[in-house]
$ cat protein08.tsv   # TSV, C-alpha atoms and all ligand atoms
chain	number	residue	atom	x	y	z
A	1	MET	CA	13.32	189.28	36.55
A	2	SER	CA	9.92	188.27	35.26
A	3	GLU	CA	11.04	184.64	35.08
A	4	VAL	CA	11.41	184.67	38.87
A	5	CYS	CA	7.64	185.19	38.96
A	6	GLY	CA	6.99	182.51	36.36
A	7	SER	CA	4.94	179.41	36.96
A	8	SER	CA	7.78	177.07	37.91
A	9	ASN	CA	10.51	177.07	40.50
A	10	ARG	CA	9.10	179.96	42.51
A	11	ILE	CA	9.92	180.24	46.17
A	12	ALA	CA	7.14	179.21	48.52
A	13	GLY	CA	6.87	180.09	52.17
A	14	SER	CA	4.96	179.47	55.34
A	15	SER	CA	4.56	181.68	58.36
A	16	PHE	CA	3.36	179.35	61.10
A	17	SER	CA	3.04	178.73	64.81
A	18	ILE	CA	2.59	175.67	67.00
A	19	TYR	CA	0.38	176.13	70.05
A	20	PRO	CA	0.67	173.37	72.67
A	21	MET	CA	-2.04	174.03	75.26
A	22	SER	CA	0.22	172.89	78.06
A	23	ASP	CA	2.49	174.30	80.73
A	24	ARG	CA	5.23	172.36	78.89
A	25	PHE	CA	4.75	174.37	75.68
A	26	VAL	CA	8.34	175.57	75.39
A	27	GLU	CA	9.72	172.04	75.78
A	28	ILE	CA	7.20	170.59	73.29
A	29	ILE	CA	8.02	173.21	70.66
A	30	LYS	CA	11.77	172.84	71.09
A	31	SER	CA	11.78	169.04	71.05
A	32	SER	CA	9.54	168.98	67.96
A	33	LEU	CA	11.90	171.30	66.11
A	34	ASN	CA	14.82	169.05	67.11
A	35	GLU	CA	13.16	166.00	65.56
A	36	VAL	CA	12.76	167.61	62.14
A	37	GLU	CA	15.32	167.93	59.35
A	38	THR	CA	15.17	171.52	58.12
A	39	SER	CA	18.39	171.91	56.12
A	40	LYS	CA	16.58	172.40	52.80
A	41	VAL	CA	14.60	175.48	53.90
A	42	TRP	CA	15.42	178.98	55.03
A	43	MET	CA	14.01	179.21	58.54
A	44	LYS	CA	13.62	181.94	61.13
A	45	THR	CA	11.76	181.96	64.44
A	46	ASP	CA	10.79	184.99	66.48
A	47	ASP	CA	8.43	185.38	69.42
A	48	VAL	CA	5.27	185.42	67.24
A	49	THR	CA	5.81	183.07	64.30
A	50	THR	CA	8.29	180.85	62.49
A	51	THR	CA	8.91	181.42	58.80
A	52	VAL	CA	10.18	178.74	56.42
A	53	ARG	CA	10.93	179.41	52.76
A	54	GLY	CA	12.15	177.31	49.87
A	55	ARG	CA	10.78	174.78	47.42
A	56	MET	CA	7.12	174.04	48.01
A	57	ILE	CA	7.75	170.35	48.72
A	58	HIS	CA	10.13	171.19	51.56
A	59	VAL	CA	7.95	173.92	53.01
A	60	PHE	CA	5.11	171.42	53.39
A	61	ASP	CA	7.41	168.57	54.47
A	62	VAL	CA	8.93	170.63	57.29
A	63	THR	CA	5.70	172.22	58.56
A	64	LYS	CA	3.88	168.87	58.51
A	65	ALA	CA	6.73	167.17	60.37
A	66	ILE	CA	6.94	169.84	63.10
A	67	PHE	CA	3.20	169.66	63.72
A	68	LEU	CA	3.09	165.86	63.80
A	69	GLN	CA	6.05	165.68	66.18
A	70	ALA	CA	4.32	168.13	68.52
A	71	ALA	CA	1.00	166.27	68.28
A	72	LYS	CA	2.74	162.97	69.03
A	73	THR	CA	3.24	164.18	72.61
A	74	GLY	CA	-0.49	163.61	73.13
A	75	GLU	CA	-1.03	167.17	74.30
A	76	HIS	CA	-3.69	169.35	72.71
A	77	VAL	CA	-1.67	171.06	69.99
A	78	VAL	CA	-2.86	173.47	67.31
A	79	PHE	CA	-0.93	174.40	64.18
A	80	GLN	CA	-1.72	177.64	62.39
A	81	ALA	CA	-0.06	178.59	59.12
A	82	THR	CA	-0.28	180.92	56.19
A	83	TYR	CA	1.27	179.44	53.04
A	84	SER	CA	2.23	181.85	50.28
A	85	ILE	CA	3.68	181.64	46.79
A	86	GLY	CA	4.17	184.18	44.04
A	87	CYS	CA	5.11	187.77	43.62
A	88	PRO	CA	5.99	189.89	45.41
A	89	GLY	CA	8.93	187.95	46.82
A	90	ASP	CA	12.40	188.69	48.03
A	91	SER	CA	15.80	187.08	47.78
A	92	ALA	CA	16.78	186.00	51.30
A	93	GLY	CA	15.75	182.41	50.73
A	94	ASP	CA	16.57	182.06	47.05
A	95	VAL	CA	19.68	179.95	47.65
A	96	TYR	CA	17.41	177.20	48.97
A	97	MET	CA	15.75	176.92	45.56
A	98	ALA	CA	18.88	175.03	44.47
A	99	GLU	CA	17.94	172.11	46.74
A	100	ASP	CA	16.61	168.90	45.20
A	101	ASN	CA	13.02	167.69	45.55
A	102	LEU	CA	13.68	164.84	48.01
A	103	ALA	CA	11.57	165.56	51.09
A	104	GLN	CA	13.56	164.76	54.21
A	105	ASN	CA	10.86	164.02	56.78
A	106	VAL	CA	8.45	161.84	54.85
A	107	SER	CA	9.39	158.57	56.51
A	108	THR	CA	9.39	159.87	60.10
A	109	SER	CA	6.15	161.78	59.55
A	110	GLY	CA	4.57	158.75	57.92
A	111	LEU	CA	5.06	156.75	61.11
A	112	ILE	CA	2.84	159.11	63.08
A	113	ASP	CA	-0.84	158.11	63.14
A	114	GLN	CA	-2.65	161.21	64.28
A	115	GLU	CA	-6.30	162.14	63.79
A	116	VAL	CA	-6.69	165.86	63.17
A	117	ALA	CA	-9.40	168.44	62.60
A	118	ALA	CA	-8.48	171.18	60.14
A	119	LYS	CA	-9.89	174.26	58.50
A	120	PHE	CA	-8.40	175.90	55.46
A	121	SER	CA	-9.11	178.85	53.19
A	122	LEU	CA	-7.57	179.43	49.79
A	123	TYR	CA	-7.03	182.92	48.39
A	124	PRO	CA	-5.88	182.84	44.76
A	125	MET	CA	-5.12	186.50	44.15
A	126	GLY	CA	-3.97	186.39	40.57
A	127	GLY	CA	-6.55	184.64	38.46
A	128	GLY	CA	-6.47	181.06	37.24
A	129	ASN	CA	-9.15	178.42	37.10
A	130	TYR	CA	-9.00	177.62	40.78
A	131	MET	CA	-12.57	176.55	41.60
A	132	ASP	CA	-12.22	173.43	39.42
A	133	VAL	CA	-8.92	172.73	41.16
A	134	ILE	CA	-10.46	172.98	44.61
A	135	TYR	CA	-13.39	170.70	43.72
A	136	SER	CA	-11.20	168.03	42.15
A	137	GLN	CA	-8.69	168.10	45.00
A	138	ILE	CA	-11.49	167.83	47.53
A	139	GLU	CA	-12.82	164.77	45.71
A	140	ASP	CA	-9.32	163.28	45.88
A	141	MET	CA	-9.14	163.92	49.62
A	142	LYS	CA	-12.51	162.22	50.17
A	143	LYS	CA	-11.28	159.15	48.27
A	144	ARG	CA	-8.33	158.97	50.68
A	145	GLY	CA	-10.62	158.92	53.72
A	146	VAL	CA	-10.61	162.59	54.69
A	147	GLU	CA	-14.01	163.96	55.72
A	148	VAL	CA	-14.78	167.29	54.05
A	149	GLY	CA	-17.33	169.87	55.15
A	150	GLU	CA	-18.09	173.54	54.81
A	151	ALA	CA	-17.44	175.97	57.66
A	152	HIS	CA	-17.84	179.73	57.82
A	153	TYR	CA	-15.08	181.31	55.77
A	154	SER	CA	-13.31	177.98	55.32
A	155	THR	CA	-13.44	174.30	54.41
A	156	ARG	CA	-13.25	171.73	57.18
A	157	LEU	CA	-11.20	168.53	56.94
A	158	ASP	CA	-11.20	165.64	59.42
A	159	GLY	CA	-8.93	162.64	59.14
A	160	ASP	CA	-5.40	161.34	59.26
A	161	GLY	CA	-2.81	164.08	59.71
A	162	ASN	CA	-0.52	162.92	56.89
A	163	ARG	CA	-3.44	162.71	54.47
A	164	VAL	CA	-4.81	166.10	55.47
A	165	PHE	CA	-1.41	167.76	55.01
A	166	ASN	CA	-0.86	166.02	51.68
A	167	GLY	CA	-4.29	167.17	50.49
A	168	LEU	CA	-3.53	170.75	51.49
A	169	GLU	CA	-0.22	170.62	49.64
A	170	GLN	CA	-1.96	169.31	46.52
A	171	VAL	CA	-4.67	171.95	46.49
A	172	PHE	CA	-2.11	174.71	47.03
A	173	GLN	CA	0.25	173.40	44.36
A	174	GLN	CA	-2.50	172.84	41.80
A	175	THR	CA	-3.93	176.31	42.36
A	176	ASP	CA	-0.49	177.78	41.77
A	177	GLU	CA	0.03	175.70	38.65
A	178	GLN	CA	-3.37	176.68	37.23
A	179	GLY	CA	-2.12	180.22	36.87
A	180	SER	CA	-2.75	182.17	40.06
A	181	SER	CA	0.14	184.64	40.16
A	182	HIS	CA	-0.04	184.96	43.97
A	183	THR	CA	-1.73	182.35	46.12
A	184	VAL	CA	-2.28	182.41	49.87
A	185	MET	CA	-3.69	179.56	51.94
A	186	THR	CA	-4.51	179.76	55.65
A	187	VAL	CA	-4.63	176.56	57.66
A	188	THR	CA	-5.59	175.73	61.25
A	189	ILE	CA	-5.06	172.12	62.36
A	190	SER	CA	-5.97	170.77	65.77
A	191	ALA	CA	-4.86	167.51	67.40
A	192	ASN	CA	-5.88	165.87	70.68
A	193	SER	CA	-8.59	168.42	71.45
A	194	PRO	CA	-10.64	167.65	74.56
A	195	SER	CA	-13.67	169.24	72.85
A	196	LYS	CA	-16.05	167.06	70.99
A	197	LYS	CA	-16.14	167.49	67.24
A	198	GLY	CA	-18.86	169.79	65.93
A	199	GLY	CA	-19.51	171.96	68.95
A	200	LYS	CA	-19.12	172.35	72.66
B	1	MET	CA	-29.38	191.31	46.17
B	2	SER	CA	-26.52	193.42	44.85
B	3	GLU	CA	-27.10	195.99	47.57
B	4	VAL	CA	-26.11	193.36	50.13
B	5	CYS	CA	-22.66	193.47	48.54
B	6	GLY	CA	-22.57	197.27	48.46
B	7	SER	CA	-20.02	199.39	50.22
B	8	SER	CA	-22.03	200.05	53.38
B	9	ASN	CA	-23.71	197.90	56.00
B	10	ARG	CA	-22.15	194.64	54.85
B	11	ILE	CA	-21.75	191.81	57.30
B	12	ALA	CA	-18.23	191.32	58.62
B	13	GLY	CA	-16.92	188.22	60.29
B	14	SER	CA	-14.02	186.74	62.13
B	15	SER	CA	-12.96	183.14	62.44
B	16	PHE	CA	-10.62	183.08	65.43
B	17	SER	CA	-9.03	181.02	68.16
B	18	ILE	CA	-7.47	181.76	71.54
B	19	TYR	CA	-4.47	179.62	72.47
B	20	PRO	CA	-3.50	179.76	76.16
B	21	MET	CA	-0.20	177.89	76.50
B	22	SER	CA	-1.25	176.47	79.82
B	23	ASP	CA	-2.69	173.32	81.35
B	24	ARG	CA	-5.58	175.60	82.38
B	25	PHE	CA	-6.46	176.42	78.76
B	26	VAL	CA	-10.09	175.29	78.94
B	27	GLU	CA	-10.75	177.34	82.07
B	28	ILE	CA	-9.01	180.42	80.61
B	29	ILE	CA	-11.00	180.27	77.38
B	30	LYS	CA	-14.33	179.71	79.14
B	31	SER	CA	-13.82	182.45	81.71
B	32	SER	CA	-12.72	184.92	79.01
B	33	LEU	CA	-15.87	184.22	77.02
B	34	ASN	CA	-17.95	184.74	80.16
B	35	GLU	CA	-16.50	188.20	80.71
B	36	VAL	CA	-17.47	189.46	77.26
B	37	GLU	CA	-20.81	190.82	76.08
B	38	THR	CA	-21.57	189.11	72.76
B	39	SER	CA	-25.29	189.78	72.24
B	40	LYS	CA	-24.75	191.95	69.15
B	41	VAL	CA	-22.96	189.27	67.12
B	42	TRP	CA	-23.83	185.88	65.71
B	43	MET	CA	-21.40	183.48	67.37
B	44	LYS	CA	-20.55	179.82	67.05
B	45	THR	CA	-17.73	177.79	68.56
B	46	ASP	CA	-16.57	174.34	67.49
B	47	ASP	CA	-13.45	172.37	68.34
B	48	VAL	CA	-11.24	174.27	65.87
B	49	THR	CA	-12.39	177.89	65.74
B	50	THR	CA	-14.97	180.38	66.93
B	51	THR	CA	-16.84	182.44	64.34
B	52	VAL	CA	-18.44	185.82	65.07
B	53	ARG	CA	-20.42	187.73	62.47
B	54	GLY	CA	-22.23	191.06	62.44
B	55	ARG	CA	-21.41	194.73	62.14
B	56	MET	CA	-17.69	195.36	61.82
B	57	ILE	CA	-17.55	197.42	65.02
B	58	HIS	CA	-18.96	194.53	67.07
B	59	VAL	CA	-16.82	191.88	65.42
B	60	PHE	CA	-13.69	193.81	66.46
B	61	ASP	CA	-15.11	194.77	69.86
B	62	VAL	CA	-15.90	191.15	70.77
B	63	THR	CA	-12.67	189.60	69.45
B	64	LYS	CA	-10.51	192.26	71.13
B	65	ALA	CA	-12.34	191.82	74.43
B	66	ILE	CA	-12.03	188.01	74.44
B	67	PHE	CA	-8.29	188.21	73.73
B	68	LEU	CA	-7.64	190.88	76.37
B	69	GLN	CA	-9.62	188.98	79.00
B	70	ALA	CA	-7.56	185.85	78.28
B	71	ALA	CA	-4.27	187.80	78.30
B	72	LYS	CA	-5.21	189.39	81.63
B	73	THR	CA	-4.67	186.01	83.29
B	74	GLY	CA	-0.93	186.58	82.80
B	75	GLU	CA	-0.53	183.29	80.94
B	76	HIS	CA	1.14	183.20	77.53
B	77	VAL	CA	-1.88	183.56	75.24
B	78	VAL	CA	-1.97	183.85	71.46
B	79	PHE	CA	-4.95	185.07	69.44
B	80	GLN	CA	-5.22	184.11	65.78
B	81	ALA	CA	-7.97	185.45	63.56
B	82	THR	CA	-9.05	185.84	59.98
B	83	TYR	CA	-11.32	188.85	59.48
B	84	SER	CA	-13.44	188.91	56.33
B	85	ILE	CA	-15.92	191.25	54.69
B	86	GLY	CA	-17.61	191.27	51.31
B	87	CYS	CA	-19.12	188.84	48.88
B	88	PRO	CA	-19.62	185.97	48.88
B	89	GLY	CA	-21.63	185.97	52.08
B	90	ASP	CA	-24.63	184.19	53.48
B	91	SER	CA	-27.64	185.03	55.55
B	92	ALA	CA	-27.26	183.25	58.92
B	93	GLY	CA	-25.98	186.34	60.67
B	94	ASP	CA	-27.92	189.01	58.78
B	95	VAL	CA	-30.35	189.68	61.62
B	96	TYR	CA	-27.42	191.05	63.63
B	97	MET	CA	-26.94	193.81	61.07
B	98	ALA	CA	-29.97	195.50	62.68
B	99	GLU	CA	-27.95	196.15	65.85
B	100	ASP	CA	-26.78	199.68	66.63
B	101	ASN	CA	-23.13	200.77	66.51
B	102	LEU	CA	-22.55	201.03	70.26
B	103	ALA	CA	-19.69	198.69	71.10
B	104	GLN	CA	-20.41	196.84	74.33
B	105	ASN	CA	-16.96	195.97	75.62
B	106	VAL	CA	-15.03	199.19	75.07
B	107	SER	CA	-14.91	200.25	78.70
B	108	THR	CA	-13.92	196.87	80.15
B	109	SER	CA	-11.33	196.29	77.42
B	110	GLY	CA	-9.97	199.80	77.91
B	111	LEU	CA	-9.13	198.97	81.53
B	112	ILE	CA	-6.73	196.23	80.46
B	113	ASP	CA	-3.13	197.40	79.99
B	114	GLN	CA	-1.49	194.65	78.01
B	115	GLU	CA	1.62	194.82	75.86
B	116	VAL	CA	1.29	192.65	72.78
B	117	ALA	CA	3.28	191.57	69.73
B	118	ALA	CA	1.25	191.19	66.56
B	119	LYS	CA	1.61	190.31	62.92
B	120	PHE	CA	-1.00	191.03	60.31
B	121	SER	CA	-1.48	190.57	56.58
B	122	LEU	CA	-4.12	192.31	54.49
B	123	TYR	CA	-5.55	190.69	51.36
B	124	PRO	CA	-7.80	193.09	49.44
B	125	MET	CA	-9.20	190.81	46.78
B	126	GLY	CA	-11.42	193.20	44.90
B	127	GLY	CA	-9.45	196.26	43.88
B	128	GLY	CA	-9.43	199.63	45.58
B	129	ASN	CA	-6.59	201.96	46.43
B	130	TYR	CA	-5.44	199.98	49.42
B	131	MET	CA	-1.69	200.67	49.52
B	132	ASP	CA	-2.31	204.34	50.38
B	133	VAL	CA	-4.75	203.20	53.05
B	134	ILE	CA	-2.21	200.85	54.62
B	135	TYR	CA	0.55	203.47	54.66
B	136	SER	CA	-1.64	206.17	56.19
B	137	GLN	CA	-3.08	203.82	58.81
B	138	ILE	CA	0.41	202.65	59.74
B	139	GLU	CA	1.47	206.26	60.22
B	140	ASP	CA	-1.54	206.74	62.49
B	141	MET	CA	-0.58	203.69	64.54
B	142	LYS	CA	2.98	204.96	64.96
B	143	LYS	CA	1.66	208.29	66.24
B	144	ARG	CA	-0.29	206.37	68.89
B	145	GLY	CA	2.84	204.61	70.14
B	146	VAL	CA	2.63	201.34	68.25
B	147	GLU	CA	5.96	200.11	66.86
B	148	VAL	CA	5.68	198.99	63.24
B	149	GLY	CA	8.08	196.74	61.34
B	150	GLU	CA	8.17	194.47	58.34
B	151	ALA	CA	8.16	190.69	58.72
B	152	HIS	CA	8.09	187.97	56.10
B	153	TYR	CA	4.60	187.87	54.60
B	154	SER	CA	3.26	190.32	57.18
B	155	THR	CA	3.59	193.57	59.08
B	156	ARG	CA	4.67	193.47	62.70
B	157	LEU	CA	3.09	195.63	65.42
B	158	ASP	CA	4.31	195.98	69.01
B	159	GLY	CA	2.53	198.01	71.64
B	160	ASP	CA	-0.57	198.37	73.76
B	161	GLY	CA	-3.23	195.77	73.02
B	162	ASN	CA	-6.12	198.21	72.73
B	163	ARG	CA	-4.16	200.43	70.35
B	164	VAL	CA	-3.00	197.51	68.23
B	165	PHE	CA	-6.57	196.21	67.89
B	166	ASN	CA	-7.92	199.65	67.11
B	167	GLY	CA	-5.26	200.10	64.43
B	168	LEU	CA	-6.15	196.77	62.88
B	169	GLU	CA	-9.83	197.67	62.84
B	170	GLN	CA	-9.04	201.00	61.16
B	171	VAL	CA	-6.88	199.51	58.43
B	172	PHE	CA	-9.47	196.81	57.71
B	173	GLN	CA	-12.37	199.28	57.66
B	174	GLN	CA	-10.56	201.81	55.49
B	175	THR	CA	-9.51	199.13	53.00
B	176	ASP	CA	-13.12	198.02	52.73
B	177	GLU	CA	-14.35	201.59	52.31
B	178	GLN	CA	-11.76	202.33	49.61
B	179	GLY	CA	-13.51	199.89	47.33
B	180	SER	CA	-12.16	196.38	47.86
B	181	SER	CA	-15.15	194.16	47.18
B	182	HIS	CA	-13.82	191.33	49.36
B	183	THR	CA	-11.18	191.94	52.01
B	184	VAL	CA	-9.45	189.39	54.22
B	185	MET	CA	-7.06	190.19	57.05
B	186	THR	CA	-5.12	187.61	59.04
B	187	VAL	CA	-3.90	188.52	62.52
B	188	THR	CA	-1.71	186.78	65.10
B	189	ILE	CA	-1.36	188.52	68.48
B	190	SER	CA	0.80	187.26	71.32
B	191	ALA	CA	0.74	188.31	74.97
B	192	ASN	CA	3.00	187.37	77.88
B	193	SER	CA	5.44	185.39	75.75
B	194	PRO	CA	8.47	184.09	77.62
B	195	SER	CA	10.53	184.53	74.43
B	196	LYS	CA	12.45	187.71	73.97
B	197	LYS	CA	11.25	189.98	71.19
B	198	GLY	CA	13.07	189.66	67.88
B	199	GLY	CA	14.34	186.12	68.07
B	200	LYS	CA	15.20	183.23	70.32
C	301	CA	CA	0.57	172.27	85.31

$ encode --input "protein08.tsv" --output "C-alpha cells"
Amino acid sequence: MSEVCGSSNRIAGSSFSIYPMSDRFVEIIKSSLNEVETSKVWMKTDDVTTTVRGRMIHVFDVTKAIFLQAAKTGEHVVFQATYSIGCPGDSAGDVYMAEDNLAQNVSTSGLIDQEVAAKFSLYPMGGGNYMDVIYSQIEDMKKRGVEVGEAHYSTRLDGDGNRVFNGLEQVFQQTDEQGSSHTVMTVTISANSPSKKGGK
Amino acid sequence: MSEVCGSSNRIAGSSFSIYPMSDRFVEIIKSSLNEVETSKVWMKTDDVTTTVRGRMIHVFDVTKAIFLQAAKTGEHVVFQATYSIGCPGDSAGDVYMAEDNLAQNVSTSGLIDQEVAAKFSLYPMGGGNYMDVIYSQIEDMKKRGVEVGEAHYSTRLDGDGNRVFNGLEQVFQQTDEQGSSHTVMTVTISANSPSKKGGK
C-alpha cells in the first residue's frame, strides 16, 4: 500500500466551482461542461462543488477548460478550486490512473484568449524543499508574461488564462515532486470583472 | 517577537469572496457590505477577494454577517473563504488586536433564518491534537441540528446559516488552541441554490 503514496502516479484531485455572476448562471455552467472532454477523469457534481480526480495532467486540463469555456461567454465568471494530491486518498477514482497522459482539451483551451486575475496559496503539508520550487516557478511565470505580486495570504497572478493555469500546474507538480507527501493548493481566478484591478 | 506567534491573541484573517449568481451582483455585494459593521477589523477589497484581519471573533462575525446579508436577498449566493491564523504574519492589521471581544453583528445576523449547504476543509500545519478537536466539534454541530457528511477532500454541513458559521468558528478556534502553530480552513457556503441537494 505504501507505493500508492509514493512520489509517482498518485491520484490528484480538484474540488472546484464556477461562479458566473449572471442570471444565466445555470446555462453558462451547463454549456461550459458540455464543451469539455472529461472522459479521463472521475467527476462528480453536487449543489456545492464539482470534484474531478485522476492523473494530475487531466485534472488541470479539465478544470482549465471548464473555466475558459465559461469565461468565453464574456460574463464575469470566477473559478475557485482546491487542488490536492497525496495521502490520505481513496479508491473511487483509481481506475482513471490507467489513462494515458494526452490532455484532451489543450487545443480548444489554447484558442481562448482570456485575461484573468488570480490568487493562489500553496500548502505543502509533508515536507520537501518547496520554497525554492515556488520561487523558480514564479520566475518562469514572469518570463512567460504573467504579472506576479504578493497579496494577503496568497500570491497574485495577472495575465493570459492559459499561461496562468499552466504556471499553477507547474508549481503544484514541482512541489509534489520535491517530496511533499500531501500538497494542497487553493486558487481563485476571475475573468471579465467590472472592477478595476487593484481596488474599488 | 515570538510572543506574537504565541497561542493567544494572535491575528486571524480571512480572504473571502461573495458570488451572487445574478445580474445584480454588484448591487448585492455593495448593499451587503453596507449592512455590516466592520470597524473592528482591518479590511481591504480588490477585484478578486476581500481580506479581513483582526481578532478571530470579529473575523468570523464580519464574514458571517456579509454572507447572510447577501443570502437574504433570496438570490443564489455562494461564499468562499480561506481562514488563517498563525505565523507567518505581518503587522498591517495589528492595531485591530486592541479591539474588545464584543462582536458587532451578532444580533442582526441572528435575525436571518437561512438554510445553507457548506463544505469545509481544515489544514492544521503545525501539529496539535486536531483530529479529536474535529470529531468533538462535529458532534456539537450535530446536536445543534446541523447535518454532517463526508465529501471528497472536505466535510459537508447542511443546516441553519448561523449555526453552520458558529460551528466553523468553533472548530477553527479549538484547532488553534490545541497547539497548531499555523491553521488554515477553507470554506464554501451556498444559499438559495436551484440545484437539488446531493446531485444534479
Ligand atoms: Ca437579468

$ residues_around --input "protein08.tsv" --residues "Thr82 in chain A" --least-positions-apart "6" --cutoff "10 Å" --atoms "all atoms listed in the file" --output "ChimeraX atom specification"
/A:13-17,51,120-122,184-188 /B:121,153,186

$ residues_near_ligand --input "protein08.tsv" --ligand "ligand CA 301 (chain C)" --cutoff "10 Å" --atoms "only C-alpha atoms and all ligand atoms" --output "PyMOL selection string"
(chain A and resi 22-24) or (chain B and resi 22-24)

$ closest_residue --input "protein08.tsv" --among "A:Ile29, A:Val146, A:Val133, A:Val59" --to "Phe79 in chain A" --atoms "all atoms listed in the file"
A:Ile29

$ interface_residues --input "protein08.tsv" --of "chain A" --to "chain B" --cutoff "9 Å" --atoms "all atoms listed in the file" --output "PDB file with C-alpha atoms, in the frame of the given file"
ATOM      1  CA  GLY A  13       6.870 180.090  52.170  1.00  0.00           C
ATOM      2  CA  SER A  14       4.960 179.470  55.340  1.00  0.00           C
ATOM      3  CA  SER A  15       4.560 181.680  58.360  1.00  0.00           C
ATOM      4  CA  TYR A  19       0.380 176.130  70.050  1.00  0.00           C
ATOM      5  CA  PRO A  20       0.670 173.370  72.670  1.00  0.00           C
ATOM      6  CA  MET A  21      -2.040 174.030  75.260  1.00  0.00           C
ATOM      7  CA  SER A  22       0.220 172.890  78.060  1.00  0.00           C
ATOM      8  CA  ASP A  23       2.490 174.300  80.730  1.00  0.00           C
ATOM      9  CA  ARG A  24       5.230 172.360  78.890  1.00  0.00           C
ATOM     10  CA  PHE A  25       4.750 174.370  75.680  1.00  0.00           C
ATOM     11  CA  VAL A  26       8.340 175.570  75.390  1.00  0.00           C
ATOM     12  CA  LYS A  44      13.620 181.940  61.130  1.00  0.00           C
ATOM     13  CA  THR A  45      11.760 181.960  64.440  1.00  0.00           C
ATOM     14  CA  ASP A  46      10.790 184.990  66.480  1.00  0.00           C
ATOM     15  CA  ASP A  47       8.430 185.380  69.420  1.00  0.00           C
ATOM     16  CA  VAL A  48       5.270 185.420  67.240  1.00  0.00           C
ATOM     17  CA  THR A  49       5.810 183.070  64.300  1.00  0.00           C
ATOM     18  CA  THR A  51       8.910 181.420  58.800  1.00  0.00           C
ATOM     19  CA  VAL A  78      -2.860 173.470  67.310  1.00  0.00           C
ATOM     20  CA  GLN A  80      -1.720 177.640  62.390  1.00  0.00           C
ATOM     21  CA  THR A  82      -0.280 180.920  56.190  1.00  0.00           C
ATOM     22  CA  SER A  84       2.230 181.850  50.280  1.00  0.00           C
ATOM     23  CA  GLY A  89       8.930 187.950  46.820  1.00  0.00           C
ATOM     24  CA  ALA A 117      -9.400 168.440  62.600  1.00  0.00           C
ATOM     25  CA  ALA A 118      -8.480 171.180  60.140  1.00  0.00           C
ATOM     26  CA  LYS A 119      -9.890 174.260  58.500  1.00  0.00           C
ATOM     27  CA  TYR A 123      -7.030 182.920  48.390  1.00  0.00           C
ATOM     28  CA  PRO A 124      -5.880 182.840  44.760  1.00  0.00           C
ATOM     29  CA  MET A 125      -5.120 186.500  44.150  1.00  0.00           C
ATOM     30  CA  HIS A 152     -17.840 179.730  57.820  1.00  0.00           C
ATOM     31  CA  TYR A 153     -15.080 181.310  55.770  1.00  0.00           C
ATOM     32  CA  SER A 154     -13.310 177.980  55.320  1.00  0.00           C
ATOM     33  CA  THR A 186      -4.510 179.760  55.650  1.00  0.00           C
ATOM     34  CA  THR A 188      -5.590 175.730  61.250  1.00  0.00           C
ATOM     35  CA  ILE A 189      -5.060 172.120  62.360  1.00  0.00           C
ATOM     36  CA  SER A 190      -5.970 170.770  65.770  1.00  0.00           C
ATOM     37  CA  SER A 193      -8.590 168.420  71.450  1.00  0.00           C
ATOM     38  CA  PRO A 194     -10.640 167.650  74.560  1.00  0.00           C
ATOM     39  CA  SER A 195     -13.670 169.240  72.850  1.00  0.00           C
ATOM     40  CA  LYS A 196     -16.050 167.060  70.990  1.00  0.00           C
ATOM     41  CA  LYS A 197     -16.140 167.490  67.240  1.00  0.00           C
ATOM     42  CA  GLY A 198     -18.860 169.790  65.930  1.00  0.00           C
ATOM     43  CA  GLY A 199     -19.510 171.960  68.950  1.00  0.00           C
ATOM     44  CA  LYS A 200     -19.120 172.350  72.660  1.00  0.00           C
TER      45      LYS A 200
END

$ closest_residue --input "protein08.tsv" --among "A:Gln178, A:Gln104, A:Asn166, A:Thr155" --to "Asp132 in chain A" --atoms "all atoms listed in the file"
A:Gln178

$ decode --input "protein08.tsv" --residues "range 108-118 of chain B" --atoms "N, CA and C atoms" --output "PDB file, in the first residue's frame"
ATOM      1  N   THR B 108     -27.984  41.317  14.406  1.00  0.00           N
ATOM      2  CA  THR B 108     -28.569  41.400  13.051  1.00  0.00           C
ATOM      3  C   THR B 108     -28.426  40.074  12.312  1.00  0.00           C
ATOM      4  N   SER B 109     -27.271  39.429  12.441  1.00  0.00           N
ATOM      5  CA  SER B 109     -27.109  38.126  11.777  1.00  0.00           C
ATOM      6  C   SER B 109     -28.087  37.115  12.346  1.00  0.00           C
ATOM      7  N   GLY B 110     -28.293  37.154  13.648  1.00  0.00           N
ATOM      8  CA  GLY B 110     -29.161  36.176  14.301  1.00  0.00           C
ATOM      9  C   GLY B 110     -30.604  36.252  13.833  1.00  0.00           C
ATOM     10  N   LEU B 111     -30.993  37.393  13.263  1.00  0.00           N
ATOM     11  CA  LEU B 111     -32.369  37.554  12.770  1.00  0.00           C
ATOM     12  C   LEU B 111     -32.572  36.871  11.421  1.00  0.00           C
ATOM     13  N   ILE B 112     -31.490  36.482  10.786  1.00  0.00           N
ATOM     14  CA  ILE B 112     -31.602  35.936   9.430  1.00  0.00           C
ATOM     15  C   ILE B 112     -31.668  34.408   9.481  1.00  0.00           C
ATOM     16  N   ASP B 113     -32.850  33.869   9.137  1.00  0.00           N
ATOM     17  CA  ASP B 113     -33.031  32.420   9.033  1.00  0.00           C
ATOM     18  C   ASP B 113     -32.681  32.011   7.616  1.00  0.00           C
ATOM     19  N   GLN B 114     -31.626  31.282   7.450  1.00  0.00           N
ATOM     20  CA  GLN B 114     -31.171  30.959   6.103  1.00  0.00           C
ATOM     21  C   GLN B 114     -30.595  29.560   6.101  1.00  0.00           C
ATOM     22  N   GLU B 115     -31.235  28.651   5.369  1.00  0.00           N
ATOM     23  CA  GLU B 115     -30.651  27.321   5.204  1.00  0.00           C
ATOM     24  C   GLU B 115     -29.456  27.421   4.272  1.00  0.00           C
ATOM     25  N   VAL B 116     -28.391  26.713   4.600  1.00  0.00           N
ATOM     26  CA  VAL B 116     -27.200  26.734   3.758  1.00  0.00           C
ATOM     27  C   VAL B 116     -26.649  25.326   3.579  1.00  0.00           C
ATOM     28  N   ALA B 117     -25.850  25.162   2.548  1.00  0.00           N
ATOM     29  CA  ALA B 117     -25.078  23.942   2.317  1.00  0.00           C
ATOM     30  C   ALA B 117     -23.619  24.350   2.278  1.00  0.00           C
ATOM     31  N   ALA B 118     -22.795  23.700   3.076  1.00  0.00           N
ATOM     32  CA  ALA B 118     -21.404  24.126   3.200  1.00  0.00           C
ATOM     33  C   ALA B 118     -20.458  22.947   3.048  1.00  0.00           C
TER      34      ALA B 118
END
